[in-house]
Amino acid sequence: MKRVEIKQALQMQASENEITVMGWVRTKRGSKNVAFIALNDGTTINNLQLVIDLNAIPEDNLALMHAGASLWAKGHLVESMGSGQAVELAVKEIGLFGPANPDEYPLQPKKHSLEFLRDIAHLRFRTNTFGAIMRLRHAMMFGIHKFFNDRGFVNMHTPLITASDCEGAGEMFQVTTLDMSNPPRNEEGQIDYTKDFFGKPTNLTVSGQLEGELAATALGKIYTFGPTFRAENSNTTRHLAEFWMIEPEVAFFDITDNMDLAEDMLKFLIQYALDNCMDDLQFLSKRLQEEEKGKKEEDKSMELLSKLHFVLEHDFARVTYSEAIDILKNSNYNKKGKFQYPISEWGIDLQSEHERYLVEKHFKKPVILTDYPKEIKAFYMKQNEDGKTVRAMDVLFPGIGEIIGGSERETDLEKLLGRMHEVGIPGESMQWYLDSRRFGSVPHAGYGLGFERLLLFLTGMTNIRDVIPFPRTPKNCLY
Ligand code: 4AD
Ligand code: MG
């Protein structure tokens, strides 16, 4: 049986030619003479309506075709009289692949809460919402490769197992083959890692940047796109223990070039979503509006498509950390004590409530914050002349806060070593990295885009666990 995909079928004209479709039942309803099955095969958010004449096909043949069951149907397309689609399938033959017992199948044809769906993440792909999100996730993955490929970047696979801690935050998952219940010990009684698989302690990577820099300072323009792992114990709606990151790194780039690239990329991706995923975006927009029905006007987020267009059409604000602190400090929010973490002095790390205030209340558009205090940023960032700040850049988005973190890199070997010493990173273990500053050191810059944060923005979802197929968070690693 040659199968026509539902996406394609829905674009065809009514005709006497017979076609066969296959998929999963979303809903089944009927009357005495006719039954209707909404069939979905994952190629589109839209269902194909099957119209079954019960005088020709006995009701008994449909007995097991409940929501969730899989089936094939053969017939010809007729003009639809009311299913919201142009055509529907007048069924001549129908057959079951696999039943789904309605007393046991957890996905009933009704609205389920996202929390409930998270508990059955293995089945949630079958809902409209997660179908839309997963197609968008795919399109964005593709769009990202297209953006960089079109601009001559080389995609680089950086290692997932590493012995270094790029961000220096110590939030790493250890990788070991030692028997943890009885590890080998050295004379001092410490665990003897020379006996471990790699002969030393290793961990899952928190970022491919350091290896990316090595490649960029030879190939010119590279990007990574891979999973990264962080054992930060933050049970928030924006953090995952395993997430995907896109990290471009470009030789001869300064911080302004870096900001331009980040802004161009984000706008390209939004346009790519609008061009390729309109059905899914429209569905997600309606979903969001439903979800926010009960909310006060001022708490509602902007309609999804308007929000995407809004970001496309405005230049991002570019502001220094010091300017941002002044704005926040003098804000009514701060004065009225509306921040959970009040802004007191220069030097503090910004919380997402501060980032969102800047974006949503003050500038009312995406913001790129630059020149952060060096104490709150990683060791590799280029130090400014003031001795206090580094050439960092974070891109902040509405509803999300930080979506990108990046910087121009320190190119001066002595300054880099000095900073590593201050934060306690032993130079001996990083000779391979330092060689990029020893031999032919060049200005360069890069950033990391959190893939799931991008998807939060594009889908209008509010919990990062809902934009990745199988979320990993503290105390949660199912599947
Ligand atoms: O700001 P971060 O930590 O920057 C880096 O890792 C640099 N090495 C990037 C670079 O310059 N090449 O992380 C970058 C982005 C953040 O802006 C955020 O979007 C995302 O990664 N991110 C997370 N996303 C989900 N869950 C987490 N736990 C995340 N931590 C960071
Ligand atoms: Mg960051």
# chains A, B, ... in the order shown; residues from 1 in each chain; ligands from 1
>>> select_by_dssp(residues="stretch 10-132 of chain A", states="helix (DSSP H, G or I)", output="number ranges by chain")
A: 59-62, 114-119, 124-126, 128-132
>>> residues_near_ligand(ligand="ligand 2", cutoff="8 Å", atoms="only C-alpha atoms and all ligand atoms", output="ChimeraX atom specification")
/A:394,402,404-406
>>> residues_around(residues="A:Ala317", least_positions_apart="5", cutoff="8 Å", atoms="only C-alpha atoms", output="list in words")
Phe363, Lys365, Pro366, Val367 and Ile368 of chain A
>>> write_last_selection(atoms="N, CA, C and O atoms", output="PDB file, in the first residue's frame")
ATOM      1  N   PHE A 363      13.210  48.862  28.364  1.00  0.00           N
ATOM      2  CA  PHE A 363      13.519  49.071  26.933  1.00  0.00           C
ATOM      3  C   PHE A 363      12.399  48.576  26.027  1.00  0.00           C
ATOM      4  O   PHE A 363      12.284  49.006  24.889  1.00  0.00           O
ATOM      5  N   LYS A 365      12.142  45.896  24.445  1.00  0.00           N
ATOM      6  CA  LYS A 365      12.663  45.139  23.304  1.00  0.00           C
ATOM      7  C   LYS A 365      13.898  44.374  23.783  1.00  0.00           C
ATOM      8  O   LYS A 365      14.381  44.621  24.890  1.00  0.00           O
ATOM      9  N   PRO A 366      14.415  43.428  22.954  1.00  0.00           N
ATOM     10  CA  PRO A 366      15.588  42.682  23.402  1.00  0.00           C
ATOM     11  C   PRO A 366      16.760  43.608  23.733  1.00  0.00           C
ATOM     12  O   PRO A 366      16.909  44.671  23.123  1.00  0.00           O
ATOM     13  N   VAL A 367      17.548  43.188  24.683  1.00  0.00           N
ATOM     14  CA  VAL A 367      18.655  44.013  25.167  1.00  0.00           C
ATOM     15  C   VAL A 367      19.941  43.196  25.116  1.00  0.00           C
ATOM     16  O   VAL A 367      19.934  42.008  25.454  1.00  0.00           O
ATOM     17  N   ILE A 368      21.022  43.824  24.678  1.00  0.00           N
ATOM     18  CA  ILE A 368      22.337  43.183  24.812  1.00  0.00           C
ATOM     19  C   ILE A 368      23.100  43.946  25.884  1.00  0.00           C
ATOM     20  O   ILE A 368      23.383  45.134  25.721  1.00  0.00           O
TER      21      ILE A 368
END
>>> residues_near_ligand(ligand="ligand 1", cutoff="6 Å", atoms="only C-alpha atoms and all ligand atoms", output="ChimeraX atom specification")
/A:207,209,230,238-241,243,245,247,402-407,446-450,453
>>> write_last_selection(atoms="N, CA and C atoms", output="CSV table (one decimal), in the first residue's frame")
chain,number,residue,atom,x,y,z
A,207,SER,N,30.4,23.2,28.1
A,207,SER,CA,30.5,24.1,26.9
A,207,SER,C,31.6,23.6,26.0
A,209,GLN,N,33.2,25.6,24.1
A,209,GLN,CA,33.9,26.9,23.7
A,209,GLN,C,35.4,26.8,23.6
A,230,ARG,N,25.0,20.4,32.9
A,230,ARG,CA,25.4,21.2,34.0
A,230,ARG,C,24.7,20.7,35.3
A,238,ARG,N,13.8,27.6,33.6
A,238,ARG,CA,14.7,27.9,32.6
A,238,ARG,C,16.0,27.1,32.6
A,239,HIS,N,16.1,26.2,33.5
A,239,HIS,CA,17.3,25.4,33.6
A,239,HIS,C,17.1,23.9,33.4
A,240,LEU,N,18.0,23.3,32.6
A,240,LEU,CA,18.0,21.9,32.4
A,240,LEU,C,19.4,21.4,32.8
A,241,ALA,N,19.5,20.1,33.2
A,241,ALA,CA,20.8,19.5,33.5
A,241,ALA,C,21.5,19.1,32.2
A,243,PHE,N,21.2,20.3,28.2
A,243,PHE,CA,20.6,21.1,27.2
A,243,PHE,C,21.5,21.3,26.0
A,245,MET,N,23.4,23.5,23.1
A,245,MET,CA,24.0,24.9,22.9
A,245,MET,C,24.6,25.0,21.6
A,247,GLU,N,27.4,27.3,19.7
A,247,GLU,CA,28.5,28.2,20.1
A,247,GLU,C,29.3,28.6,18.8
A,402,GLU,N,18.1,35.8,30.0
A,402,GLU,CA,19.3,35.5,29.2
A,402,GLU,C,19.0,34.4,28.2
A,403,ILE,N,19.3,34.7,26.9
A,403,ILE,CA,19.1,33.6,25.9
A,403,ILE,C,20.5,33.3,25.3
A,404,ILE,N,21.4,34.3,25.3
A,404,ILE,CA,22.8,34.1,24.8
A,404,ILE,C,23.7,34.7,25.8
A,405,GLY,N,24.9,34.0,26.0
A,405,GLY,CA,26.0,34.5,26.8
A,405,GLY,C,27.2,34.4,26.0
A,406,GLY,N,28.0,35.5,25.9
A,406,GLY,CA,29.2,35.4,25.1
A,406,GLY,C,30.2,36.5,25.5
A,407,SER,N,31.3,36.6,24.7
A,407,SER,CA,32.2,37.7,24.9
A,407,SER,C,33.3,37.8,23.8
A,446,GLY,N,33.0,35.1,20.6
A,446,GLY,CA,32.0,34.0,20.3
A,446,GLY,C,30.9,34.1,21.4
A,447,TYR,N,29.9,33.2,21.2
A,447,TYR,CA,28.8,33.2,22.2
A,447,TYR,C,28.2,31.9,22.2
A,448,GLY,N,27.3,31.7,23.2
A,448,GLY,CA,26.5,30.4,23.3
A,448,GLY,C,25.1,30.8,23.3
A,449,LEU,N,24.3,30.2,22.4
A,449,LEU,CA,22.9,30.3,22.4
A,449,LEU,C,22.3,29.0,23.0
A,450,GLY,N,21.5,29.2,24.1
A,450,GLY,CA,20.8,28.1,24.7
A,450,GLY,C,19.6,27.7,23.8
A,453,ARG,N,16.2,27.7,25.3
A,453,ARG,CA,15.7,29.0,25.7
A,453,ARG,C,15.2,29.7,24.4
>>> select_by_dssp(residues="stretch 233-450 of chain A", states="strand (DSSP E)", output="PyMOL selection string")
chain A and resi 242-251+317-320+367-373+389-397+401-408+444-450
>>> residues_around(residues="A:Met140", least_positions_apart="4", cutoff="10 Å", atoms="only C-alpha atoms", output="PDB file with all heavy atoms, in the first residue's frame")
ATOM      1  N   MET A 134       7.874  19.893  18.640  1.00  0.00           N
ATOM      2  CA  MET A 134       8.952  19.056  18.098  1.00  0.00           C
ATOM      3  C   MET A 134       9.242  19.390  16.629  1.00  0.00           C
ATOM      4  O   MET A 134      10.394  19.373  16.205  1.00  0.00           O
ATOM      5  CB  MET A 134       8.614  17.574  18.256  1.00  0.00           C
ATOM      6  CG  MET A 134       8.662  17.107  19.698  1.00  0.00           C
ATOM      7  SD  MET A 134      10.237  17.511  20.501  1.00  0.00           S
ATOM      8  CE  MET A 134       9.664  18.034  22.109  1.00  0.00           C
ATOM      9  N   ARG A 135       8.210  19.718  15.873  1.00  0.00           N
ATOM     10  CA  ARG A 135       8.477  20.134  14.481  1.00  0.00           C
ATOM     11  C   ARG A 135       9.247  21.449  14.461  1.00  0.00           C
ATOM     12  O   ARG A 135      10.159  21.652  13.659  1.00  0.00           O
ATOM     13  CB  ARG A 135       7.165  20.235  13.693  1.00  0.00           C
ATOM     14  CG  ARG A 135       6.647  18.878  13.192  1.00  0.00           C
ATOM     15  CD  ARG A 135       5.409  19.038  12.321  1.00  0.00           C
ATOM     16  NE  ARG A 135       4.296  19.582  13.081  1.00  0.00           N
ATOM     17  CZ  ARG A 135       3.406  18.849  13.755  1.00  0.00           C
ATOM     18  NH1 ARG A 135       3.477  17.545  13.721  1.00  0.00           N
ATOM     19  NH2 ARG A 135       2.434  19.420  14.434  1.00  0.00           N
ATOM     20  N   LEU A 136       8.889  22.347  15.374  1.00  0.00           N
ATOM     21  CA  LEU A 136       9.612  23.614  15.449  1.00  0.00           C
ATOM     22  C   LEU A 136      11.063  23.415  15.873  1.00  0.00           C
ATOM     23  O   LEU A 136      11.979  24.050  15.355  1.00  0.00           O
ATOM     24  CB  LEU A 136       8.929  24.520  16.462  1.00  0.00           C
ATOM     25  CG  LEU A 136       8.427  25.816  15.866  1.00  0.00           C
ATOM     26  CD1 LEU A 136       7.126  26.207  16.514  1.00  0.00           C
ATOM     27  CD2 LEU A 136       9.435  26.925  16.016  1.00  0.00           C
ATOM     28  N   ILE A 144      19.493  26.751  12.050  1.00  0.00           N
ATOM     29  CA  ILE A 144      20.785  27.148  12.630  1.00  0.00           C
ATOM     30  C   ILE A 144      21.930  26.660  11.741  1.00  0.00           C
ATOM     31  O   ILE A 144      22.842  27.422  11.416  1.00  0.00           O
ATOM     32  CB  ILE A 144      20.906  26.598  14.062  1.00  0.00           C
ATOM     33  CG1 ILE A 144      20.023  27.440  14.989  1.00  0.00           C
ATOM     34  CG2 ILE A 144      22.359  26.599  14.540  1.00  0.00           C
ATOM     35  CD1 ILE A 144      19.705  26.801  16.306  1.00  0.00           C
ATOM     36  N   HIS A 145      21.851  25.402  11.327  1.00  0.00           N
ATOM     37  CA  HIS A 145      22.897  24.897  10.429  1.00  0.00           C
ATOM     38  C   HIS A 145      22.900  25.704   9.123  1.00  0.00           C
ATOM     39  O   HIS A 145      23.951  26.023   8.586  1.00  0.00           O
ATOM     40  CB  HIS A 145      22.687  23.405  10.148  1.00  0.00           C
ATOM     41  CG  HIS A 145      23.133  22.524  11.287  1.00  0.00           C
ATOM     42  ND1 HIS A 145      24.422  22.537  11.771  1.00  0.00           N
ATOM     43  CD2 HIS A 145      22.464  21.620  12.038  1.00  0.00           C
ATOM     44  CE1 HIS A 145      24.517  21.663  12.785  1.00  0.00           C
ATOM     45  NE2 HIS A 145      23.347  21.101  12.965  1.00  0.00           N
ATOM     46  N   LYS A 146      21.727  26.044   8.643  1.00  0.00           N
ATOM     47  CA  LYS A 146      21.655  26.810   7.392  1.00  0.00           C
ATOM     48  C   LYS A 146      22.301  28.190   7.556  1.00  0.00           C
ATOM     49  O   LYS A 146      23.085  28.623   6.727  1.00  0.00           O
ATOM     50  CB  LYS A 146      20.202  26.951   6.947  1.00  0.00           C
ATOM     51  CG  LYS A 146      20.049  27.780   5.679  1.00  0.00           C
ATOM     52  CD  LYS A 146      18.684  27.628   5.029  1.00  0.00           C
ATOM     53  CE  LYS A 146      18.505  28.638   3.906  1.00  0.00           C
ATOM     54  NZ  LYS A 146      19.638  28.677   2.956  1.00  0.00           N
ATOM     55  N   LEU A 269      16.595  33.295  12.552  1.00  0.00           N
ATOM     56  CA  LEU A 269      15.887  32.111  13.050  1.00  0.00           C
ATOM     57  C   LEU A 269      14.395  32.386  13.241  1.00  0.00           C
ATOM     58  O   LEU A 269      13.557  31.531  12.961  1.00  0.00           O
ATOM     59  CB  LEU A 269      16.525  31.626  14.354  1.00  0.00           C
ATOM     60  CG  LEU A 269      17.950  31.091  14.179  1.00  0.00           C
ATOM     61  CD1 LEU A 269      18.567  30.727  15.528  1.00  0.00           C
ATOM     62  CD2 LEU A 269      17.971  29.882  13.237  1.00  0.00           C
ATOM     63  N   ILE A 270      14.081  33.571  13.701  1.00  0.00           N
ATOM     64  CA  ILE A 270      12.663  33.923  13.855  1.00  0.00           C
ATOM     65  C   ILE A 270      11.991  33.944  12.481  1.00  0.00           C
ATOM     66  O   ILE A 270      10.910  33.389  12.286  1.00  0.00           O
ATOM     67  CB  ILE A 270      12.524  35.292  14.568  1.00  0.00           C
ATOM     68  CG1 ILE A 270      13.026  35.164  16.012  1.00  0.00           C
ATOM     69  CG2 ILE A 270      11.076  35.768  14.532  1.00  0.00           C
ATOM     70  CD1 ILE A 270      13.180  36.487  16.740  1.00  0.00           C
ATOM     71  N   TYR A 272      12.965  32.340   9.894  1.00  0.00           N
ATOM     72  CA  TYR A 272      12.943  30.952   9.409  1.00  0.00           C
ATOM     73  C   TYR A 272      11.731  30.209   9.984  1.00  0.00           C
ATOM     74  O   TYR A 272      11.062  29.455   9.283  1.00  0.00           O
ATOM     75  CB  TYR A 272      14.248  30.247   9.803  1.00  0.00           C
ATOM     76  CG  TYR A 272      14.454  28.936   9.082  1.00  0.00           C
ATOM     77  CD1 TYR A 272      15.051  28.905   7.818  1.00  0.00           C
ATOM     78  CD2 TYR A 272      14.042  27.733   9.647  1.00  0.00           C
ATOM     79  CE1 TYR A 272      15.223  27.698   7.150  1.00  0.00           C
ATOM     80  CE2 TYR A 272      14.212  26.531   8.979  1.00  0.00           C
ATOM     81  CZ  TYR A 272      14.809  26.519   7.734  1.00  0.00           C
ATOM     82  OH  TYR A 272      14.974  25.335   7.070  1.00  0.00           O
ATOM     83  N   ALA A 273      11.452  30.471  11.247  1.00  0.00           N
ATOM     84  CA  ALA A 273      10.280  29.835  11.873  1.00  0.00           C
ATOM     85  C   ALA A 273       9.000  30.344  11.213  1.00  0.00           C
ATOM     86  O   ALA A 273       8.095  29.567  10.899  1.00  0.00           O
ATOM     87  CB  ALA A 273      10.264  30.120  13.370  1.00  0.00           C
ATOM     88  N   ASN A 276       8.639  28.735   7.768  1.00  0.00           N
ATOM     89  CA  ASN A 276       8.544  27.274   7.641  1.00  0.00           C
ATOM     90  C   ASN A 276       7.582  26.587   8.601  1.00  0.00           C
ATOM     91  O   ASN A 276       7.312  25.397   8.432  1.00  0.00           O
ATOM     92  CB  ASN A 276       9.936  26.650   7.811  1.00  0.00           C
ATOM     93  CG  ASN A 276      10.861  27.010   6.667  1.00  0.00           C
ATOM     94  OD1 ASN A 276      10.750  26.444   5.581  1.00  0.00           O
ATOM     95  ND2 ASN A 276      11.723  27.986   6.874  1.00  0.00           N
ATOM     96  N   CYS A 277       7.123  27.299   9.605  1.00  0.00           N
ATOM     97  CA  CYS A 277       6.334  26.620  10.648  1.00  0.00           C
ATOM     98  C   CYS A 277       5.036  27.354  10.970  1.00  0.00           C
ATOM     99  O   CYS A 277       4.597  27.352  12.126  1.00  0.00           O
ATOM    100  CB  CYS A 277       7.157  26.505  11.932  1.00  0.00           C
ATOM    101  SG  CYS A 277       8.757  25.747  11.700  1.00  0.00           S
ATOM    102  N   PHE A 451      19.711  26.477  23.170  1.00  0.00           N
ATOM    103  CA  PHE A 451      18.720  26.066  22.163  1.00  0.00           C
ATOM    104  C   PHE A 451      17.313  26.021  22.762  1.00  0.00           C
ATOM    105  O   PHE A 451      16.346  26.491  22.156  1.00  0.00           O
ATOM    106  CB  PHE A 451      19.112  24.694  21.612  1.00  0.00           C
ATOM    107  CG  PHE A 451      18.326  24.260  20.404  1.00  0.00           C
ATOM    108  CD1 PHE A 451      18.121  25.116  19.336  1.00  0.00           C
ATOM    109  CD2 PHE A 451      17.800  22.977  20.331  1.00  0.00           C
ATOM    110  CE1 PHE A 451      17.407  24.705  18.210  1.00  0.00           C
ATOM    111  CE2 PHE A 451      17.094  22.552  19.213  1.00  0.00           C
ATOM    112  CZ  PHE A 451      16.891  23.419  18.151  1.00  0.00           C
ATOM    113  N   LEU A 454      15.831  29.441  23.267  1.00  0.00           N
ATOM    114  CA  LEU A 454      15.314  29.946  21.990  1.00  0.00           C
ATOM    115  C   LEU A 454      13.927  29.362  21.728  1.00  0.00           C
ATOM    116  O   LEU A 454      12.996  30.061  21.315  1.00  0.00           O
ATOM    117  CB  LEU A 454      16.266  29.558  20.850  1.00  0.00           C
ATOM    118  CG  LEU A 454      15.746  29.837  19.436  1.00  0.00           C
ATOM    119  CD1 LEU A 454      15.798  31.333  19.134  1.00  0.00           C
ATOM    120  CD2 LEU A 454      16.523  29.059  18.378  1.00  0.00           C
ATOM    121  N   LEU A 455      13.787  28.062  21.997  1.00  0.00           N
ATOM    122  CA  LEU A 455      12.500  27.409  21.745  1.00  0.00           C
ATOM    123  C   LEU A 455      11.412  27.905  22.692  1.00  0.00           C
ATOM    124  O   LEU A 455      10.248  27.998  22.303  1.00  0.00           O
ATOM    125  CB  LEU A 455      12.650  25.893  21.848  1.00  0.00           C
ATOM    126  CG  LEU A 455      13.418  25.293  20.669  1.00  0.00           C
ATOM    127  CD1 LEU A 455      13.810  23.860  20.955  1.00  0.00           C
ATOM    128  CD2 LEU A 455      12.584  25.354  19.391  1.00  0.00           C
ATOM    129  N   LEU A 458      10.194  31.001  21.012  1.00  0.00           N
ATOM    130  CA  LEU A 458       9.450  30.802  19.759  1.00  0.00           C
ATOM    131  C   LEU A 458       8.113  30.105  19.960  1.00  0.00           C
ATOM    132  O   LEU A 458       7.178  30.314  19.186  1.00  0.00           O
ATOM    133  CB  LEU A 458      10.282  29.974  18.783  1.00  0.00           C
ATOM    134  CG  LEU A 458      11.492  30.675  18.198  1.00  0.00           C
ATOM    135  CD1 LEU A 458      12.366  29.670  17.466  1.00  0.00           C
ATOM    136  CD2 LEU A 458      11.056  31.774  17.248  1.00  0.00           C
TER     137      LEU A 458
END
